Structures are given as C-alpha cells and as structure tokens.
$ cat final34.cif   # mmCIF, C-alpha atoms
data_final
#
loop_
_atom_site.label_atom_id
_atom_site.label_comp_id
_atom_site.auth_asym_id
_atom_site.auth_seq_id
_atom_site.Cartn_x
_atom_site.Cartn_y
_atom_site.Cartn_z
CA MET R 129 21.79 -3.15 13.45
CA ASN R 130 25.01 -2.65 15.39
CA PHE R 131 28.36 -4.26 14.53
CA LEU R 132 27.66 -7.34 16.65
CA GLU R 133 24.17 -7.97 15.29
CA GLU R 134 25.59 -7.70 11.78
CA ARG R 135 28.25 -10.26 12.63
CA ILE R 136 25.70 -12.62 14.18
CA ILE R 137 23.57 -12.40 11.02
CA LYS R 138 26.64 -13.03 8.89
CA ASP R 139 28.32 -15.86 10.82
CA GLY R 140 25.90 -17.09 13.50
CA ILE R 141 24.08 -20.37 12.91
CA VAL R 142 20.63 -21.11 14.30
CA LYS R 143 20.08 -24.68 15.43
CA THR R 144 16.95 -26.40 16.63
CA GLY R 145 16.28 -26.07 20.37
CA ASN R 146 16.95 -22.33 20.35
CA VAL R 147 20.69 -22.83 20.04
CA LEU R 148 22.64 -19.96 18.47
CA LYS R 149 26.12 -21.01 17.44
CA VAL R 150 28.63 -18.18 17.37
CA ASP R 151 31.65 -20.41 17.77
CA SER R 152 33.38 -19.09 14.65
CA PHE R 153 34.00 -15.68 16.24
CA LEU R 154 33.04 -15.64 19.94
CA ASN R 155 33.27 -18.79 22.01
CA HIS R 156 35.53 -21.36 20.36
CA GLN R 157 37.41 -19.40 17.72
CA MET R 158 37.72 -15.75 18.78
CA ASP R 159 37.96 -12.83 16.37
CA ILE R 160 40.17 -10.57 18.45
CA SER R 161 39.31 -7.38 16.53
CA LEU R 162 35.64 -8.03 17.24
CA ILE R 163 36.35 -8.72 20.93
CA GLU R 164 38.21 -5.41 21.14
CA GLU R 165 35.24 -3.62 19.58
CA ILE R 166 32.91 -5.33 22.08
CA ALA R 167 35.17 -4.20 24.93
CA ARG R 168 35.15 -0.59 23.71
CA GLU R 169 31.38 -0.68 23.47
CA PHE R 170 31.06 -1.89 27.09
CA LYS R 171 33.43 0.91 28.14
CA ARG R 172 31.14 3.38 26.37
CA ARG R 173 27.96 1.97 27.95
CA PHE R 174 29.42 1.98 31.46
CA ALA R 175 31.42 5.20 30.99
CA ASN R 176 29.68 6.87 33.96
CA LYS R 177 30.56 4.03 36.36
CA THR R 178 33.55 3.67 38.60
CA VAL R 179 34.79 0.15 38.02
CA THR R 180 37.61 -1.32 40.12
CA LYS R 181 37.35 -4.92 38.96
CA VAL R 182 35.89 -6.95 36.12
CA LEU R 183 34.36 -10.30 37.09
CA THR R 184 33.47 -13.16 34.75
CA ILE R 185 33.17 -16.93 34.74
CA GLU R 186 35.26 -19.48 32.91
CA ALA R 187 35.66 -20.36 30.14
CA SER R 188 34.25 -18.31 27.29
CA GLY R 189 33.82 -15.13 29.35
CA ILE R 190 37.54 -14.87 30.00
CA GLY R 191 38.74 -13.54 26.65
CA ILE R 192 36.04 -10.89 26.52
CA ALA R 193 36.42 -9.82 30.16
CA ALA R 194 40.19 -9.52 29.76
CA PHE R 195 39.79 -6.89 27.04
CA VAL R 196 37.05 -5.08 28.99
CA ALA R 197 39.36 -4.96 32.02
CA ARG R 198 42.04 -3.48 29.78
CA GLU R 199 39.62 -0.72 28.71
CA PHE R 200 38.95 0.16 32.36
CA GLY R 201 42.57 -0.32 33.45
CA VAL R 202 41.62 -2.73 36.24
CA PRO R 203 42.28 -6.39 37.08
CA MET R 204 39.95 -9.16 35.91
CA VAL R 205 38.86 -12.08 38.06
CA PHE R 206 37.31 -15.20 36.60
CA ALA R 207 35.15 -17.46 38.72
CA LYS R 208 35.99 -21.15 38.46
CA LYS R 209 33.47 -23.89 37.94
CA SER R 210 34.66 -26.63 40.24
CA LYS R 211 36.93 -26.98 43.22
CA SER R 212 40.51 -27.26 42.10
CA VAL R 213 43.29 -28.63 44.26
CA ASN R 214 45.18 -25.45 43.42
CA ILE R 215 42.63 -23.24 45.17
CA ASP R 216 42.86 -23.24 48.90
CA GLY R 217 41.68 -20.99 51.69
CA ASP R 218 38.37 -19.27 51.90
CA MET R 219 36.20 -18.96 48.86
CA PHE R 220 32.92 -17.38 47.88
CA VAL R 221 30.66 -20.07 46.42
CA ALA R 222 27.46 -20.06 44.37
CA GLU R 223 25.52 -22.94 42.85
CA VAL R 224 24.95 -22.50 39.13
CA GLU R 225 22.99 -24.50 36.58
CA SER R 226 24.31 -24.61 33.02
CA PHE R 227 21.79 -24.40 30.19
CA THR R 228 24.44 -25.46 27.70
CA HIS R 229 25.86 -28.40 29.57
CA LYS R 230 22.70 -29.49 31.43
CA ASN R 231 24.43 -29.84 34.76
CA ARG R 232 25.04 -27.99 38.02
CA ASN R 233 28.34 -26.49 39.07
CA GLN R 234 29.78 -24.88 42.12
CA VAL R 235 31.13 -21.52 41.06
CA ILE R 236 33.92 -20.22 43.25
CA VAL R 237 36.00 -17.08 43.70
CA SER R 238 38.82 -16.79 46.19
CA LYS R 239 38.10 -14.30 48.96
CA LYS R 240 41.54 -12.83 48.26
CA PHE R 241 40.32 -11.24 45.04
CA LEU R 242 36.99 -9.59 45.91
CA HIS R 243 36.89 -7.09 48.75
CA GLU R 244 34.27 -5.03 50.51
CA GLY R 245 33.55 -1.80 48.69
CA GLU R 246 35.00 -2.86 45.34
CA ARG R 247 32.96 -1.78 42.33
CA VAL R 248 32.48 -4.71 40.05
CA LEU R 249 31.49 -4.91 36.39
CA ILE R 250 30.31 -8.41 35.52
CA ILE R 251 30.93 -9.63 31.95
CA ASP R 252 29.72 -12.76 30.20
CA ASP R 253 29.24 -13.95 26.65
CA PHE R 254 25.66 -15.25 26.98
CA LEU R 255 22.62 -14.52 29.14
CA ALA R 256 19.73 -16.96 28.87
CA ASN R 257 18.08 -18.21 32.06
CA GLY R 258 20.45 -16.02 34.07
CA CYS R 259 21.83 -18.68 36.39
CA ALA R 260 25.49 -17.90 35.75
CA LEU R 261 24.90 -14.16 36.11
CA GLN R 262 22.90 -14.63 39.32
CA GLY R 263 25.76 -16.72 40.68
CA LEU R 264 28.30 -14.00 39.89
CA ILE R 265 26.08 -11.28 41.39
CA SER R 266 25.58 -13.40 44.50
CA ILE R 267 29.34 -13.90 44.86
CA ALA R 268 30.11 -10.20 44.35
CA GLU R 269 27.52 -9.18 46.94
CA SER R 270 28.66 -11.83 49.43
CA ALA R 271 32.03 -10.09 49.18
CA GLY R 272 30.44 -6.72 49.96
CA CYS R 273 31.15 -5.43 46.46
CA VAL R 274 28.91 -3.02 44.57
CA VAL R 275 27.69 -4.49 41.27
CA GLU R 276 28.01 -1.52 38.91
CA GLY R 277 26.44 -3.41 36.04
CA CYS R 278 26.48 -6.47 33.84
CA GLY R 279 27.79 -6.47 30.28
CA ILE R 280 26.48 -9.32 28.14
CA VAL R 281 27.48 -9.98 24.56
CA ILE R 282 24.36 -11.91 23.48
CA GLU R 283 21.13 -12.13 25.46
CA LYS R 284 18.39 -14.59 24.61
CA GLY R 285 15.52 -12.21 25.18
CA PHE R 286 12.92 -14.96 24.99
CA GLN R 287 14.30 -16.55 28.15
CA TYR R 288 13.59 -15.04 31.54
CA GLY R 289 17.09 -14.33 32.88
CA GLY R 290 17.51 -10.77 31.66
CA ARG R 291 14.05 -9.62 32.76
CA ALA R 292 14.36 -11.20 36.21
CA ILE R 293 17.74 -9.59 36.92
CA ARG R 294 16.71 -6.18 35.51
CA ASN R 295 13.61 -6.35 37.74
CA LEU R 296 15.96 -6.59 40.72
CA GLY R 297 17.41 -3.22 39.69
CA TYR R 298 20.64 -4.24 38.00
CA GLN R 299 21.82 -2.47 34.86
CA ILE R 300 22.32 -5.09 32.18
CA GLU R 301 23.76 -3.97 28.87
CA SER R 302 23.41 -6.64 26.20
CA LEU R 303 25.05 -5.80 22.89
CA ALA R 304 22.58 -8.03 21.04
CA ILE R 305 19.22 -9.25 22.34
CA VAL R 306 17.77 -12.12 20.34
CA ASP R 307 13.97 -12.09 20.62
CA ALA R 308 13.34 -14.96 18.26
CA MET R 309 15.20 -17.52 16.17
CA ASP R 310 13.95 -19.82 13.47
CA ALA R 311 16.14 -22.83 12.81
CA GLU R 312 14.15 -23.82 9.71
CA ASN R 313 14.96 -20.72 7.66
CA GLY R 314 17.88 -19.48 9.80
CA THR R 315 16.34 -16.11 10.69
CA ILE R 316 17.20 -14.15 13.85
CA THR R 317 15.05 -11.32 15.23
CA PHE R 318 16.86 -8.76 17.38
CA ARG R 319 15.16 -6.50 19.90
CA GLU R 320 15.28 -2.80 18.99
CA GLN R 321 17.47 -1.04 21.59
CA MET I 190 65.58 -12.11 36.31
CA ASN I 191 63.02 -11.06 33.72
CA PHE I 192 59.76 -9.21 34.49
CA LEU I 193 57.81 -12.44 34.98
CA GLU I 194 60.34 -14.09 37.26
CA GLU I 195 60.37 -10.93 39.35
CA ARG I 196 56.60 -11.03 39.61
CA ILE I 197 56.61 -14.71 40.57
CA ILE I 198 59.13 -14.01 43.34
CA LYS I 199 57.01 -11.07 44.53
CA ASP I 200 53.51 -12.60 44.38
CA GLY I 201 53.84 -16.35 43.76
CA ILE I 202 53.28 -18.72 46.67
CA VAL I 203 55.01 -22.08 46.98
CA LYS I 204 52.89 -24.84 48.47
CA THR I 205 53.83 -28.36 49.43
CA GLY I 206 53.55 -30.92 46.62
CA ASN I 207 55.41 -28.66 44.16
CA VAL I 208 52.40 -26.39 43.74
CA LEU I 209 53.16 -22.83 42.65
CA LYS I 210 50.20 -20.53 43.16
CA VAL I 211 50.14 -17.55 40.83
CA ASP I 212 46.41 -16.97 41.13
CA SER I 213 46.78 -13.35 42.20
CA PHE I 214 48.04 -12.29 38.76
CA LEU I 215 47.83 -15.12 36.22
CA ASN I 216 45.15 -17.77 36.55
CA HIS I 217 42.31 -16.58 38.77
CA GLN I 218 42.83 -12.86 39.06
CA MET I 219 44.60 -11.55 35.96
CA ASP I 220 46.88 -8.51 35.89
CA ILE I 221 46.10 -7.31 32.37
CA SER I 222 49.23 -5.13 32.07
CA LEU I 223 51.35 -8.18 32.90
CA ILE I 224 49.43 -10.32 30.39
CA GLU I 225 50.08 -7.69 27.70
CA GLU I 226 53.78 -7.72 28.55
CA ILE I 227 53.79 -11.53 28.33
CA ALA I 228 52.09 -11.33 24.92
CA ARG I 229 54.66 -8.83 23.61
CA GLU I 230 57.46 -11.10 24.84
CA PHE I 231 56.02 -14.10 22.96
CA LYS I 232 55.73 -11.92 19.85
CA ARG I 233 59.41 -11.05 20.24
CA ARG I 234 60.49 -14.68 20.75
CA PHE I 235 58.51 -15.92 17.74
CA ALA I 236 59.15 -12.84 15.59
CA ASN I 237 60.71 -14.93 12.80
CA LYS I 238 57.69 -17.23 12.54
CA THR I 239 54.68 -16.92 10.29
CA VAL I 240 51.71 -17.50 12.57
CA THR I 241 48.17 -17.73 11.18
CA LYS I 242 46.42 -18.94 14.33
CA VAL I 243 46.96 -19.08 18.07
CA LEU I 244 45.75 -22.26 19.81
CA THR I 245 45.23 -22.74 23.54
CA ILE I 246 43.09 -24.75 25.96
CA GLU I 247 40.42 -23.54 28.33
CA ALA I 248 40.31 -22.04 30.82
CA SER I 249 43.36 -20.15 32.06
CA GLY I 250 45.13 -20.17 28.70
CA ILE I 251 42.38 -18.12 27.08
CA GLY I 252 43.20 -14.67 28.45
CA ILE I 253 46.87 -15.00 27.62
CA ALA I 254 46.32 -16.48 24.15
CA ALA I 255 43.82 -13.73 23.29
CA PHE I 256 46.47 -11.04 23.81
CA VAL I 257 49.10 -13.07 21.95
CA ALA I 258 46.68 -13.44 19.02
CA ARG I 259 46.22 -9.66 19.09
CA GLU I 260 50.00 -9.19 18.82
CA PHE I 261 50.11 -11.41 15.74
CA GLY I 262 46.86 -10.05 14.27
CA VAL I 263 45.35 -13.53 13.91
CA PRO I 264 42.35 -15.42 15.37
CA MET I 265 42.64 -17.47 18.54
CA VAL I 266 41.07 -20.89 19.02
CA PHE I 267 40.66 -22.47 22.42
CA ALA I 268 40.28 -26.22 22.80
CA LYS I 269 37.43 -27.32 25.03
CA LYS I 270 37.71 -29.89 27.75
CA SER I 271 34.52 -31.88 27.38
CA LYS I 272 31.89 -32.45 24.77
CA SER I 273 29.38 -29.61 24.85
CA VAL I 274 25.88 -29.91 23.40
CA ASN I 275 26.68 -26.66 21.57
CA ILE I 276 29.51 -28.24 19.57
CA ASP I 277 28.38 -30.41 16.72
CA GLY I 278 29.91 -31.81 13.59
CA ASP I 279 33.38 -33.19 13.24
CA MET I 280 35.97 -32.52 15.88
CA PHE I 281 39.63 -33.19 16.48
CA VAL I 282 39.98 -35.01 19.79
CA ALA I 283 42.88 -35.73 22.13
CA GLU I 284 42.91 -37.40 25.53
CA VAL I 285 44.57 -35.25 28.20
CA GLU I 286 45.45 -35.90 31.83
CA SER I 287 45.32 -32.94 34.22
CA PHE I 288 48.05 -32.67 36.83
CA THR I 289 46.07 -30.02 38.70
CA HIS I 290 42.69 -31.71 38.73
CA LYS I 291 43.90 -35.34 38.81
CA ASN I 292 41.53 -36.47 36.08
CA ARG I 293 41.39 -37.20 32.36
CA ASN I 294 39.59 -35.05 29.81
CA GLN I 295 38.73 -35.25 26.19
CA VAL I 296 40.11 -32.13 24.56
CA ILE I 297 38.30 -31.10 21.40
CA VAL I 298 38.61 -28.55 18.62
CA SER I 299 36.07 -28.19 15.86
CA LYS I 300 37.42 -29.12 12.44
CA LYS I 301 36.00 -25.83 11.17
CA PHE I 302 38.73 -23.85 12.91
CA LEU I 303 41.98 -25.68 12.11
CA HIS I 304 42.88 -26.28 8.49
CA GLU I 305 45.64 -28.00 6.58
CA GLY I 306 48.66 -25.76 6.14
CA GLU I 307 47.79 -23.32 8.92
CA ARG I 308 50.75 -22.22 11.02
CA VAL I 309 49.86 -22.54 14.65
CA LEU I 310 51.41 -21.01 17.76
CA ILE I 311 50.32 -22.91 20.88
CA ILE I 312 50.03 -20.91 24.10
CA ASP I 313 49.41 -22.10 27.67
CA ASP I 314 49.94 -20.80 31.18
CA PHE I 315 51.69 -23.87 32.64
CA LEU I 316 53.83 -26.73 31.37
CA ALA I 317 54.51 -29.57 33.80
CA ASN I 318 54.13 -33.15 32.60
CA GLY I 319 53.21 -31.83 29.17
CA CYS I 320 49.93 -33.70 28.69
CA ALA I 321 47.89 -30.64 27.75
CA LEU I 322 50.57 -29.42 25.35
CA GLN I 323 50.93 -32.86 23.77
CA GLY I 324 47.15 -32.92 23.28
CA LEU I 325 47.19 -29.54 21.55
CA ILE I 326 50.14 -30.52 19.33
CA SER I 327 48.38 -33.77 18.44
CA ILE I 328 45.20 -31.89 17.51
CA ALA I 329 47.08 -29.31 15.42
CA GLU I 330 48.95 -32.02 13.54
CA SER I 331 45.81 -34.12 13.01
CA ALA I 332 44.48 -31.02 11.27
CA GLY I 333 47.54 -30.87 9.03
CA CYS I 334 48.74 -27.64 10.65
CA VAL I 335 52.38 -26.73 11.16
CA VAL I 336 53.22 -26.17 14.83
CA GLU I 337 55.45 -23.08 14.69
CA GLY I 338 56.16 -23.20 18.41
CA CYS I 339 54.80 -23.32 21.93
CA GLY I 340 54.74 -20.31 24.24
CA ILE I 341 54.49 -21.20 27.91
CA VAL I 342 54.26 -18.69 30.74
CA ILE I 343 55.63 -20.91 33.53
CA GLU I 344 57.37 -24.25 33.02
CA LYS I 345 58.06 -26.63 35.87
CA GLY I 346 61.53 -27.61 34.71
CA PHE I 347 61.78 -30.44 37.23
CA GLN I 348 58.95 -32.30 35.48
CA TYR I 349 59.54 -34.09 32.20
CA GLY I 350 57.04 -32.39 29.86
CA GLY I 351 59.29 -29.66 28.48
CA ARG I 352 62.25 -31.93 27.86
CA ALA I 353 60.15 -34.61 26.16
CA ILE I 354 58.49 -32.17 23.78
CA ARG I 355 61.74 -30.30 23.00
CA ASN I 356 63.36 -33.67 22.24
CA LEU I 357 60.70 -34.16 19.57
CA GLY I 358 61.99 -30.98 17.90
CA TYR I 359 59.42 -28.42 18.94
CA GLN I 360 60.49 -24.91 19.90
CA ILE I 361 59.14 -24.22 23.38
CA GLU I 362 59.64 -20.75 24.77
CA SER I 363 58.92 -20.62 28.51
CA LEU I 364 59.10 -17.16 30.05
CA ALA I 365 60.00 -18.64 33.43
CA ILE I 366 61.38 -22.13 34.07
CA VAL I 367 61.19 -23.21 37.70
CA ASP I 368 63.92 -25.73 38.44
CA ALA I 369 63.21 -26.07 42.13
CA MET I 370 60.77 -24.88 44.78
CA ASP I 371 60.96 -25.12 48.53
CA ALA I 372 57.64 -24.80 50.32
CA GLU I 373 59.28 -24.62 53.73
CA ASN I 374 61.15 -21.37 53.14
CA GLY I 375 59.21 -20.25 50.05
CA THR I 376 62.21 -20.12 47.71
CA ILE I 377 62.03 -20.57 43.95
CA THR I 378 65.01 -21.38 41.72
CA PHE I 379 64.72 -20.33 38.08
CA ARG I 380 66.72 -21.82 35.25
CA GLU I 381 69.19 -19.43 33.63
CA GLN I 382 68.01 -18.80 30.05
#
$ encode --input "final34.cif" --output "structure tokens"
Amino acid sequence: MNFLEERIIKDGIVKTGNVLKVDSFLNHQMDISLIEEIAREFKRRFANKTVTKVLTIEASGIGIAAFVAREFGVPMVFAKKSKSVNIDGDMFVAEVESFTHKNRNQVIVSKKFLHEGERVLIIDDFLANGCALQGLISIAESAGCVVEGCGIVIEKGFQYGGRAIRNLGYQIESLAIVDAMDAENGTITFREQ
Amino acid sequence: MNFLEERIIKDGIVKTGNVLKVDSFLNHQMDISLIEEIAREFKRRFANKTVTKVLTIEASGIGIAAFVAREFGVPMVFAKKSKSVNIDGDMFVAEVESFTHKNRNQVIVSKKFLHEGERVLIIDDFLANGCALQGLISIAESAGCVVEGCGIVIEKGFQYGGRAIRNLGYQIESLAIVDAMDAENGTITFREQ
C-alpha cells in the first residue's frame, strides 16, 4: 500500500451506497502535509510531460491542484460550477452531472485562461462516473489545449469513468483505486498498481 | 504600494457596479507564486498568534487558505456552501448572503473538525459586506473556538463589512483595502495602511 492507501485505511469511512468519506484529511478538512505528498507524487508520475497549466474544478480540487501547480511551477485554473456575475466575456462551457450532489451543473472556464497549444494537466480529488473529468477534458480540448494527463487522488474503480476515459487514450494516474468497499465491516479493497 | 496592490493595479480590471476582477491571478486562474507570497505575509501579520487551524469558505478561499495553513503547519478546514449528501452527522451552520451571486446559502462545517478551545485563523479572498466572514466567525464561535484573526486578500473599504467586524473587536488584516474604484478610467484608490 502507498501512503495514500494507508491513510484511507486509517481515516476513511465507508458508508452505505458506495460512499467513501475522506473529509477528515482531503475534502473538508485538509491535511496539508498529505496534500504536498500527493502533489509530489503527481509530479513524479507526470515527470516526462511538459505541463504549462494545471486545470481543476471547484471546490475540493482547488487545494490539491494548487500544490500540484506549485510542483510544476505553472499557474492553476479552476473551472467554476455556475455562471457568476463576476465572470463576463467568452467562456468555455461543459455540462456536468454530479454524483455527489445529484444535480447537473454548467462548468465554465474563461477563454482568457486556456489557450491553443497549452499543455494541461487535469487534477481532481475523485473519479467515479467520470462526468467532471470529461467536462474538464472537453473544455481543455475546446480551447485547443493538449491534455497531458489526468491526476486523480481517489478513483472508484467499480464505476465506469476511469475505464471509459482511459479507453479514449488519456493517461489517468489515480493514487488510490478502490475496487470494492463494504460498509458493513468497513473494508476497502484497493486495485494493485 | 505593497506587492499585492501593485499586482492589482497591473492586472485587476474595474467594472461598473464596483466590481473588481482579479480572476487572472486570484480567483479563477491562480498565480501560485503570488499566493505563496500572500500566505507568507499573513504569517508575518499574525506571527504573535497561536493558530491551530485555518478556516475558510469554498471555493476561492481554498487555495489561499491551504498555503496559509502550510505556513502555520496546521490543518485547513473549508466551510461548504450547501448540504452535500456526503456530509452527515452534526454540523455547525450559518446563513450567508453572497454579494457576488446575489443569493443566500447555508454555510456548514462538520462538528468533527472544529473543537472547543481551538485557535482559528479565518482566511478569505474578498471582504465586502462581510456576510461570509460573519458566517465563519459565527461557526467558529459556536464551536467554542477562539478567533485569532481574519486574513483577507482584498477588502472593499467602501462597503461596511470590515468596519462592522473590526468594531466587534476582531483583528482583520487585509493585504489591500480598496477605498474607491472608477470603472470609467480604470483607477483604483488604496487605503494607506
């Protein structure tokens, strides 16, 4: 087990409905030392890539993506989930369904911050059905960017998102892939990587 | 002018309706070097405080608060803006009005992550009418925490939030206080600090 899998075993909580709560260290309270270790691991896994921008989606991706961007020495852009009166001008838009919140959102990125030829590393905390990630890929490619890869903290391997996006040829690096969870006895089975 | 005021003059855009757009470096695209400099400046301004936790609110506060938490070597907690199916159990709740989005949100923090006696530094990107900050203070104090101070990146000094909260005795450190903006000629007047 790697450092993240160990932490998930230690502090993650399995709930019925295939919910894995990691809110004590990842997506409500954040353990900054762990986030820095995650960022270094993404830098290692994408060491052979030229990355000019890190792209994520609000809210829980932001903290992780910020430290990944620091590792690469590039700016970070976070997609926003609904039209804000503070965003004007032209925007790239994708429609995204949220597994967690059971609703649909417009995901938007200002055209000022993604340009043709930029090499984008996409970062997010969770990958399940892949809707958010597909939205970010769609936005990056609408902008004429090259998607160098996708760094995911926790992938739910029993949902179809990761397989579908890998089948399209994208490099997804998930630091932990959960293949099964059992809420009754609290066990988590990770995929061997 | 300090480093942030210089950056606002260089890259900020004044829009009608007292809107200051800083989305090219602070709250849509993030300049990570600038965020690190902001975090170091908050560490300097609150150097005499014992801080055990950094508290912010999603979404644009997260990236800044994460680096501030790193400076202090403590965890960061971000309040969430609506009830998520992934958050269960007891929560601290405050009602917050958004100036930007013209709506009202429930702001929530799990009771697991704020405890009696903790010494909290609150961080946010903007302070205008102060509703978000009041919500965070209210949540921290409901938890029995001591609010050691509030670190704000940009305060709109011509709105009443900062004055009202300072009058209650809280130490607010705003790295830039905008006293006036003129959309017609794009000028910004900062308060001398």
$ closest_residue --input "final34.cif" --among "I:Val257, I:Val309, I:Val285, I:Ile343" --to "chain R" --atoms "only C-alpha atoms"
I:Val257
$ interface_residues --input "final34.cif" --of "chain I" --to "chain R" --cutoff "9 Å" --atoms "only C-alpha atoms" --output "ChimeraX atom specification"
/I:208-210,212-214,216-222,247-249,251-256,258-259,262-269,272-276,289-291,298-299,301-302
$ write_last_selection --input "final34.cif" --atoms "C-alpha atoms" --output "CSV table (one decimal), in the frame of the given file"
chain,number,residue,atom,x,y,z
I,208,VAL,CA,52.4,-26.4,43.7
I,209,LEU,CA,53.2,-22.8,42.6
I,210,LYS,CA,50.2,-20.5,43.2
I,212,ASP,CA,46.4,-17.0,41.1
I,213,SER,CA,46.8,-13.4,42.2
I,214,PHE,CA,48.0,-12.3,38.8
I,216,ASN,CA,45.2,-17.8,36.6
I,217,HIS,CA,42.3,-16.6,38.8
I,218,GLN,CA,42.8,-12.9,39.1
I,219,MET,CA,44.6,-11.6,36.0
I,220,ASP,CA,46.9,-8.5,35.9
I,221,ILE,CA,46.1,-7.3,32.4
I,222,SER,CA,49.2,-5.1,32.1
I,247,GLU,CA,40.4,-23.5,28.3
I,248,ALA,CA,40.3,-22.0,30.8
I,249,SER,CA,43.4,-20.2,32.1
I,251,ILE,CA,42.4,-18.1,27.1
I,252,GLY,CA,43.2,-14.7,28.4
I,253,ILE,CA,46.9,-15.0,27.6
I,254,ALA,CA,46.3,-16.5,24.2
I,255,ALA,CA,43.8,-13.7,23.3
I,256,PHE,CA,46.5,-11.0,23.8
I,258,ALA,CA,46.7,-13.4,19.0
I,259,ARG,CA,46.2,-9.7,19.1
I,262,GLY,CA,46.9,-10.0,14.3
I,263,VAL,CA,45.4,-13.5,13.9
I,264,PRO,CA,42.4,-15.4,15.4
I,265,MET,CA,42.6,-17.5,18.5
I,266,VAL,CA,41.1,-20.9,19.0
I,267,PHE,CA,40.7,-22.5,22.4
I,268,ALA,CA,40.3,-26.2,22.8
I,269,LYS,CA,37.4,-27.3,25.0
I,272,LYS,CA,31.9,-32.4,24.8
I,273,SER,CA,29.4,-29.6,24.8
I,274,VAL,CA,25.9,-29.9,23.4
I,275,ASN,CA,26.7,-26.7,21.6
I,276,ILE,CA,29.5,-28.2,19.6
I,289,THR,CA,46.1,-30.0,38.7
I,290,HIS,CA,42.7,-31.7,38.7
I,291,LYS,CA,43.9,-35.3,38.8
I,298,VAL,CA,38.6,-28.6,18.6
I,299,SER,CA,36.1,-28.2,15.9
I,301,LYS,CA,36.0,-25.8,11.2
I,302,PHE,CA,38.7,-23.8,12.9
$ residues_around --input "final34.cif" --residues "Glu330 in chain I" --least-positions-apart "5" --cutoff "10 Å" --atoms "only C-alpha atoms" --output "NGL selection string"
:I and (281 or 303-307 or 309 or 324-325 or 335-336)
$ resolve_selection --input "final34.cif" --expression "the PyMOL selection byres ((chain R and resi 284) around 8)" --output "ChimeraX atom specification"
/R:254-256,282-283,285-287,305-307
$ write_last_selection --input "final34.cif" --atoms "C-alpha atoms" --output "PDB file, keeping the file's coordinate frame"
ATOM      1  CA  PHE R 254      25.660 -15.250  26.980  1.00  0.00           C
ATOM      2  CA  LEU R 255      22.620 -14.520  29.140  1.00  0.00           C
ATOM      3  CA  ALA R 256      19.730 -16.960  28.870  1.00  0.00           C
ATOM      4  CA  ILE R 282      24.360 -11.910  23.480  1.00  0.00           C
ATOM      5  CA  GLU R 283      21.130 -12.130  25.460  1.00  0.00           C
ATOM      6  CA  GLY R 285      15.520 -12.210  25.180  1.00  0.00           C
ATOM      7  CA  PHE R 286      12.920 -14.960  24.990  1.00  0.00           C
ATOM      8  CA  GLN R 287      14.300 -16.550  28.150  1.00  0.00           C
ATOM      9  CA  ILE R 305      19.220  -9.250  22.340  1.00  0.00           C
ATOM     10  CA  VAL R 306      17.770 -12.120  20.340  1.00  0.00           C
ATOM     11  CA  ASP R 307      13.970 -12.090  20.620  1.00  0.00           C
TER      12      ASP R 307
END
$ atom_distance --input "final34.cif" --atom1 "CA of Asn294 in chain I" --atom2 "CA of Ala321 in chain I"
9.6 Å
$ atom_distance --input "final34.cif" --atom1 "CA of Asp218 in chain R" --atom2 "CA of Phe200 in chain R"
27.6 Å
$ atom_distance --input "final34.cif" --atom1 "CA of Ile198 in chain I" --atom2 "CA of Ala365 in chain I"
11.0 Å
$ closest_residue --input "final34.cif" --among "R:Ile251, R:Val179, R:Val235, R:Val221" --to "Gly279 in chain R" --atoms "only C-alpha atoms"
R:Ile251
$ decode --input "final34.cif" --residues "range 295-308 of chain I" --atoms "N, CA and C atoms" --output "JSON list (two decimals), in the first residue's frame"
[["chain", "number", "residue", "atom", "x", "y", "z"],
["I", 295, "GLN", "N", -26.67, 28.30, 2.91],
["I", 295, "GLN", "CA", -26.31, 27.74, 4.20],
["I", 295, "GLN", "C", -24.84, 27.40, 4.13],
["I", 296, "VAL", "N", -24.09, 27.86, 5.11],
["I", 296, "VAL", "CA", -22.67, 27.54, 5.18],
["I", 296, "VAL", "C", -22.48, 26.56, 6.31],
["I", 297, "ILE", "N", -21.81, 25.45, 6.06],
["I", 297, "ILE", "CA", -21.74, 24.39, 7.06],
["I", 297, "ILE", "C", -20.31, 23.90, 7.27],
["I", 298, "VAL", "N", -20.04, 23.55, 8.51],
["I", 298, "VAL", "CA", -18.77, 22.89, 8.86],
["I", 298, "VAL", "C", -19.11, 21.72, 9.78],
["I", 299, "SER", "N", -18.55, 20.58, 9.49],
["I", 299, "SER", "CA", -18.78, 19.42, 10.33],
["I", 299, "SER", "C", -18.24, 19.67, 11.74],
["I", 300, "LYS", "N", -19.01, 19.22, 12.74],
["I", 300, "LYS", "CA", -18.56, 19.39, 14.12],
["I", 300, "LYS", "C", -17.31, 18.57, 14.44],
["I", 301, "LYS", "N", -16.97, 17.64, 13.55],
["I", 301, "LYS", "CA", -15.76, 16.84, 13.76],
["I", 301, "LYS", "C", -14.49, 17.67, 13.64],
["I", 302, "PHE", "N", -14.57, 18.82, 12.94],
["I", 302, "PHE", "CA", -13.33, 19.50, 12.56],
["I", 302, "PHE", "C", -13.10, 20.85, 13.24],
["I", 303, "LEU", "N", -14.02, 21.24, 14.13],
["I", 303, "LEU", "CA", -13.79, 22.44, 14.94],
["I", 303, "LEU", "C", -14.13, 22.08, 16.38],
["I", 304, "HIS", "N", -13.18, 22.28, 17.27],
["I", 304, "HIS", "CA", -13.38, 21.85, 18.65],
["I", 304, "HIS", "C", -13.18, 23.01, 19.62],
["I", 305, "GLU", "N", -13.79, 22.87, 20.77],
["I", 305, "GLU", "CA", -13.68, 23.88, 21.82],
["I", 305, "GLU", "C", -12.21, 24.15, 22.13],
["I", 306, "GLY", "N", -11.87, 25.43, 22.20],
["I", 306, "GLY", "CA", -10.52, 25.81, 22.57],
["I", 306, "GLY", "C", -9.56, 25.93, 21.41],
["I", 307, "GLU", "N", -9.96, 25.48, 20.22],
["I", 307, "GLU", "CA", -9.07, 25.64, 19.06],
["I", 307, "GLU", "C", -8.93, 27.12, 18.73],
["I", 308, "ARG", "N", -7.75, 27.47, 18.20],
["I", 308, "ARG", "CA", -7.45, 28.87, 17.88],
["I", 308, "ARG", "C", -7.40, 29.00, 16.37]]
